[in-house]
Amino acid sequence: MSFDLDGLEAEHSFLRRNLESFSRTVAGIRIAADFMRGNPGRFLFDVITCVHPGNLQSLPELRGFLIELGVPAWRIFTIYPQGRARGERLSLSGAEYVRLMEFIAETRSYRTADGRSIWLNYSCEGCLGAWELKVRDHFFFCRSGVSVASVMCDGSIGGCLSVRGADFIQGNIRRDSFMDVWENRFRDIRDRGWAKRGACRNCRQWKNCMGNGMHLHPDKESGVMHCNYWLLTEAAGRKRDGRGRN
């Protein structure tokens, strides 16, 4: 089970725009933590946090809060420029993204004074170059349509639920056999050669990235809308030559 908690109350309410969401989510987390303690080995859960410029600085405080709640594992996602994020600055800058990587790496070895910890992973989004394995357990690989398939609320069959472009819908559960779709379609998702265009065409990380997460492609023609690796390398370049703020 996963719970979305996007900061302490003010930050969470800002992103979710529901004044009851924070208290109800925390209540659910307390129930899950109590059940996990009483049933060791039978139940696992984690908390997911979407990080943006408005909650980046409060992550250490949120970490302490989650540890106090008894949360065993934490996943952090970043926000890409789609939907509401196109009009509001919810995506991190390169320098902010580096600070997030530093926080995640530090948290993975963090212990409270009495020895408690929380296991933190960065999301499955994007190749991170030198940050791989420092901020998550496995090298980046987008599993959408490879080992993950989903049925959406309208019956559409696709990969990850975050991959919503019409080019990537493989059928509909109301008219198609799910197993037939899984075994005989998804070819344009499993072979991602079409993604080697635009910024990806000559990227030296192509073999490690294969065009980033599928959810960052609105279709098969537009190119990737957001590049995690570029954000990190561009920020590192600014830091080296003194053009950016740390």
# chains A, B, ... in the order shown; residues from 1 in each chain; ligands from 1
>>> closest_atom_pairs(of="segment 185-221 of chain A", to="segment 228-233 of chain A", cutoff="10 Å", atoms="only C-alpha atoms", output="tab-separated table")
residue	atom	partner	partner_atom	distance
A:Ala199	CA	A:Trp230	CA	9.3
A:Cys203	CA	A:Trp230	CA	9.6
A:Gln205	CA	A:Tyr229	CA	8.3
A:Cys209	CA	A:Tyr229	CA	9.1
A:Asn212	CA	A:Asn228	CA	8.1
A:Gly213	CA	A:Asn228	CA	9.9
>>> residues_around(residues="Asp154 of chain A", least_positions_apart="4", cutoff="10 Å", atoms="only C-alpha atoms", output="list in words")
Asn172, Ile173 and Arg174 of chain A
>>> atom_distance(atom1="atom CA of Gly159 of chain A", atom2="atom CA of Arg190 of chain A")
10.2 Å
>>> closest_atom_pairs(of="segment 14-111 of chain A", to="segment 130-135 of chain A", cutoff="10 Å", atoms="only C-alpha atoms", output="CSV")
residue,atom,partner,partner_atom,distance
A:Ile76,CA,A:Val135,CA,9.9
A:Val98,CA,A:Trp131,CA,9.5
A:Leu100,CA,A:Val135,CA,9.6
A:Met101,CA,A:Val135,CA,6.6
A:Glu102,CA,A:Val135,CA,8.4
A:Phe103,CA,A:Val135,CA,8.9
A:Ile104,CA,A:Val135,CA,5.7
A:Ala105,CA,A:Val135,CA,5.2
A:Glu106,CA,A:Val135,CA,8.8
A:Thr107,CA,A:Val135,CA,9.0
A:Arg108,CA,A:Val135,CA,7.5
>>> write_last_selection(atoms="all heavy atoms", output="PDB file, in the first residue's frame")
ATOM      1  N   ILE A  76      10.401   9.310  -3.343  1.00  0.00           N
ATOM      2  CA  ILE A  76      10.298  10.704  -3.760  1.00  0.00           C
ATOM      3  C   ILE A  76      10.181  10.780  -5.274  1.00  0.00           C
ATOM      4  O   ILE A  76      10.947  10.151  -6.005  1.00  0.00           O
ATOM      5  CB  ILE A  76      11.506  11.515  -3.255  1.00  0.00           C
ATOM      6  CG1 ILE A  76      11.263  11.922  -1.792  1.00  0.00           C
ATOM      7  CG2 ILE A  76      11.774  12.731  -4.123  1.00  0.00           C
ATOM      8  CD1 ILE A  76      12.360  12.751  -1.176  1.00  0.00           C
ATOM      9  N   VAL A  98      19.804  19.017  -7.887  1.00  0.00           N
ATOM     10  CA  VAL A  98      21.035  18.534  -7.251  1.00  0.00           C
ATOM     11  C   VAL A  98      20.865  18.496  -5.734  1.00  0.00           C
ATOM     12  O   VAL A  98      21.267  17.530  -5.071  1.00  0.00           O
ATOM     13  CB  VAL A  98      22.240  19.404  -7.646  1.00  0.00           C
ATOM     14  CG1 VAL A  98      23.462  19.058  -6.804  1.00  0.00           C
ATOM     15  CG2 VAL A  98      22.571  19.234  -9.129  1.00  0.00           C
ATOM     16  N   LEU A 100      18.154  18.059  -4.117  1.00  0.00           N
ATOM     17  CA  LEU A 100      17.299  16.918  -3.813  1.00  0.00           C
ATOM     18  C   LEU A 100      18.106  15.622  -3.824  1.00  0.00           C
ATOM     19  O   LEU A 100      17.963  14.781  -2.922  1.00  0.00           O
ATOM     20  CB  LEU A 100      16.156  16.828  -4.816  1.00  0.00           C
ATOM     21  CG  LEU A 100      15.249  15.602  -4.666  1.00  0.00           C
ATOM     22  CD1 LEU A 100      14.580  15.570  -3.297  1.00  0.00           C
ATOM     23  CD2 LEU A 100      14.213  15.552  -5.780  1.00  0.00           C
ATOM     24  N   MET A 101      18.953  15.441  -4.833  1.00  0.00           N
ATOM     25  CA  MET A 101      19.784  14.236  -4.880  1.00  0.00           C
ATOM     26  C   MET A 101      20.669  14.138  -3.634  1.00  0.00           C
ATOM     27  O   MET A 101      20.836  13.054  -3.058  1.00  0.00           O
ATOM     28  CB  MET A 101      20.659  14.243  -6.132  1.00  0.00           C
ATOM     29  CG  MET A 101      19.919  14.188  -7.461  1.00  0.00           C
ATOM     30  SD  MET A 101      18.990  12.644  -7.736  1.00  0.00           S
ATOM     31  CE  MET A 101      17.301  13.226  -7.476  1.00  0.00           C
ATOM     32  N   GLU A 102      21.223  15.256  -3.211  1.00  0.00           N
ATOM     33  CA  GLU A 102      22.079  15.261  -2.020  1.00  0.00           C
ATOM     34  C   GLU A 102      21.280  14.866  -0.780  1.00  0.00           C
ATOM     35  O   GLU A 102      21.772  14.116   0.073  1.00  0.00           O
ATOM     36  CB  GLU A 102      22.711  16.647  -1.851  1.00  0.00           C
ATOM     37  CG  GLU A 102      23.729  16.976  -2.939  1.00  0.00           C
ATOM     38  CD  GLU A 102      24.183  18.424  -2.904  1.00  0.00           C
ATOM     39  OE1 GLU A 102      23.489  19.256  -2.267  1.00  0.00           O
ATOM     40  OE2 GLU A 102      25.212  18.728  -3.525  1.00  0.00           O
ATOM     41  N   PHE A 103      20.040  15.366  -0.684  1.00  0.00           N
ATOM     42  CA  PHE A 103      19.199  15.015   0.463  1.00  0.00           C
ATOM     43  C   PHE A 103      18.874  13.525   0.467  1.00  0.00           C
ATOM     44  O   PHE A 103      18.944  12.863   1.514  1.00  0.00           O
ATOM     45  CB  PHE A 103      17.897  15.829   0.435  1.00  0.00           C
ATOM     46  CG  PHE A 103      16.887  15.361   1.446  1.00  0.00           C
ATOM     47  CD1 PHE A 103      17.011  15.707   2.778  1.00  0.00           C
ATOM     48  CD2 PHE A 103      15.829  14.538   1.056  1.00  0.00           C
ATOM     49  CE1 PHE A 103      16.090  15.241   3.729  1.00  0.00           C
ATOM     50  CE2 PHE A 103      14.911  14.078   1.994  1.00  0.00           C
ATOM     51  CZ  PHE A 103      15.047  14.429   3.332  1.00  0.00           C
ATOM     52  N   ILE A 104      18.524  12.974  -0.687  1.00  0.00           N
ATOM     53  CA  ILE A 104      18.181  11.553  -0.748  1.00  0.00           C
ATOM     54  C   ILE A 104      19.381  10.695  -0.368  1.00  0.00           C
ATOM     55  O   ILE A 104      19.268   9.752   0.424  1.00  0.00           O
ATOM     56  CB  ILE A 104      17.670  11.181  -2.150  1.00  0.00           C
ATOM     57  CG1 ILE A 104      16.364  11.928  -2.460  1.00  0.00           C
ATOM     58  CG2 ILE A 104      17.452   9.674  -2.262  1.00  0.00           C
ATOM     59  CD1 ILE A 104      15.870  11.754  -3.882  1.00  0.00           C
ATOM     60  N   ALA A 105      20.552  11.023  -0.940  1.00  0.00           N
ATOM     61  CA  ALA A 105      21.760  10.249  -0.632  1.00  0.00           C
ATOM     62  C   ALA A 105      22.077  10.308   0.856  1.00  0.00           C
ATOM     63  O   ALA A 105      22.453   9.291   1.472  1.00  0.00           O
ATOM     64  CB  ALA A 105      22.934  10.778  -1.455  1.00  0.00           C
ATOM     65  N   GLU A 106      21.921  11.483   1.464  1.00  0.00           N
ATOM     66  CA  GLU A 106      22.193  11.628   2.905  1.00  0.00           C
ATOM     67  C   GLU A 106      21.178  10.856   3.728  1.00  0.00           C
ATOM     68  O   GLU A 106      21.517  10.203   4.724  1.00  0.00           O
ATOM     69  CB  GLU A 106      22.160  13.117   3.264  1.00  0.00           C
ATOM     70  CG  GLU A 106      22.560  13.422   4.698  1.00  0.00           C
ATOM     71  CD  GLU A 106      21.368  13.644   5.606  1.00  0.00           C
ATOM     72  OE1 GLU A 106      20.313  14.078   5.102  1.00  0.00           O
ATOM     73  OE2 GLU A 106      21.486  13.367   6.811  1.00  0.00           O
ATOM     74  N   THR A 107      19.907  10.863   3.316  1.00  0.00           N
ATOM     75  CA  THR A 107      18.859  10.181   4.071  1.00  0.00           C
ATOM     76  C   THR A 107      19.049   8.675   4.059  1.00  0.00           C
ATOM     77  O   THR A 107      18.707   7.985   5.035  1.00  0.00           O
ATOM     78  CB  THR A 107      17.475  10.547   3.500  1.00  0.00           C
ATOM     79  OG1 THR A 107      17.252  11.950   3.694  1.00  0.00           O
ATOM     80  CG2 THR A 107      16.356   9.769   4.183  1.00  0.00           C
ATOM     81  N   ARG A 108      19.612   8.136   3.006  1.00  0.00           N
ATOM     82  CA  ARG A 108      19.794   6.683   2.904  1.00  0.00           C
ATOM     83  C   ARG A 108      20.786   6.131   3.937  1.00  0.00           C
ATOM     84  O   ARG A 108      20.833   4.920   4.163  1.00  0.00           O
ATOM     85  CB  ARG A 108      20.200   6.314   1.479  1.00  0.00           C
ATOM     86  CG  ARG A 108      18.996   6.374   0.517  1.00  0.00           C
ATOM     87  CD  ARG A 108      19.422   6.372  -0.936  1.00  0.00           C
ATOM     88  NE  ARG A 108      20.021   5.126  -1.361  1.00  0.00           N
ATOM     89  CZ  ARG A 108      19.369   4.069  -1.826  1.00  0.00           C
ATOM     90  NH1 ARG A 108      18.038   4.088  -1.906  1.00  0.00           N
ATOM     91  NH2 ARG A 108      20.008   2.976  -2.218  1.00  0.00           N
TER      92      ARG A 108
END
>>> closest_residue(among="A:Leu69, A:Ile169, A:Met152, A:Leu56", to="Thr25 of chain A", atoms="only C-alpha atoms")
A:Leu69
>>> residues_around(residues="Gly165 of chain A", least_positions_apart="6", cutoff="12 Å", atoms="only C-alpha atoms", output="list in words")
Gln82, Ser156, Ile157, Gly158, Gly159, Ile189, Met214, His215, Leu216, His217, Pro218, Asp219, Lys220, Glu221 and Ser222 of chain A
>>> write_last_selection(atoms="C-alpha atoms", output="CSV table (one decimal), in the first residue's frame")
chain,number,residue,atom,x,y,z
A,82,GLN,CA,2.3,18.6,-17.6
A,156,SER,CA,-7.9,1.6,-21.7
A,157,ILE,CA,-4.9,-0.8,-21.5
A,158,GLY,CA,-1.5,0.8,-21.3
A,159,GLY,CA,1.8,0.6,-19.5
A,189,ILE,CA,6.8,0.5,-26.2
A,214,MET,CA,7.6,6.8,-21.1
A,215,HIS,CA,5.4,9.2,-19.2
A,216,LEU,CA,7.7,12.0,-20.4
A,217,HIS,CA,6.7,11.4,-24.0
A,218,PRO,CA,3.3,13.0,-25.0
A,219,ASP,CA,3.5,11.0,-28.3
A,220,LYS,CA,6.0,9.2,-30.5
A,221,GLU,CA,6.9,12.3,-32.5
A,222,SER,CA,7.5,15.2,-30.1
>>> closest_residue(among="A:Ser93, A:Ser147, A:Ser2, A:Asn184", to="Leu44 of chain A", atoms="only C-alpha atoms")
A:Ser2
>>> closest_residue(among="A:Met1, A:Pro60, A:Gly171, A:Asn208", to="Cys127 of chain A", atoms="only C-alpha atoms")
A:Asn208
>>> closest_residue(among="A:Arg86, A:Arg116, A:Lys196, A:His52", to="Pro72 of chain A", atoms="only C-alpha atoms")
A:Arg116
>>> select_by_dssp(residues="segment 110-189 of chain A", states="strand (DSSP E)", output="PyMOL selection string")
chain A and resi 119-122+150-151+156-158+171-172
>>> write_last_selection(atoms="C-alpha atoms", output="PDB file, in the first residue's frame")
ATOM      1  CA  TRP A 119      14.528   3.718   3.591  1.00  0.00           C
ATOM      2  CA  LEU A 120      14.322   6.324   0.826  1.00  0.00           C
ATOM      3  CA  ASN A 121      14.392   5.800  -2.929  1.00  0.00           C
ATOM      4  CA  TYR A 122      14.119   8.267  -5.761  1.00  0.00           C
ATOM      5  CA  SER A 150      -2.352  -1.076 -16.298  1.00  0.00           C
ATOM      6  CA  VAL A 151      -6.060  -0.746 -16.934  1.00  0.00           C
ATOM      7  CA  SER A 156      -7.866   1.639 -21.713  1.00  0.00           C
ATOM      8  CA  ILE A 157      -4.916  -0.759 -21.511  1.00  0.00           C
ATOM      9  CA  GLY A 158      -1.470   0.791 -21.330  1.00  0.00           C
ATOM     10  CA  GLY A 171      -6.413  -1.576 -26.402  1.00  0.00           C
ATOM     11  CA  ASN A 172      -9.436  -1.515 -24.137  1.00  0.00           C
TER      12      ASN A 172
END
>>> closest_residue(among="A:Glu9, A:Asp180, A:Asp114, A:Glu234", to="Asn55 of chain A", atoms="only C-alpha atoms")
A:Glu9
>>> atom_distance(atom1="atom CA of Gly223 of chain A", atom2="atom CA of Thr49 of chain A")
26.8 Å
>>> residues_around(residues="Arg63 of chain A", least_positions_apart="4", cutoff="10 Å", atoms="only C-alpha atoms", output="number ranges by chain")
A: 7-8, 58-59, 67-69, 71, 74, 107, 110, 117-118, 120
>>> closest_residue(among="A:Arg16, A:Pro81, A:His138, A:Leu161", to="Met225 of chain A", atoms="only C-alpha atoms")
A:Pro81
>>> atom_distance(atom1="atom CA of Leu128 of chain A", atom2="atom CA of Gly94 of chain A")
12.1 Å
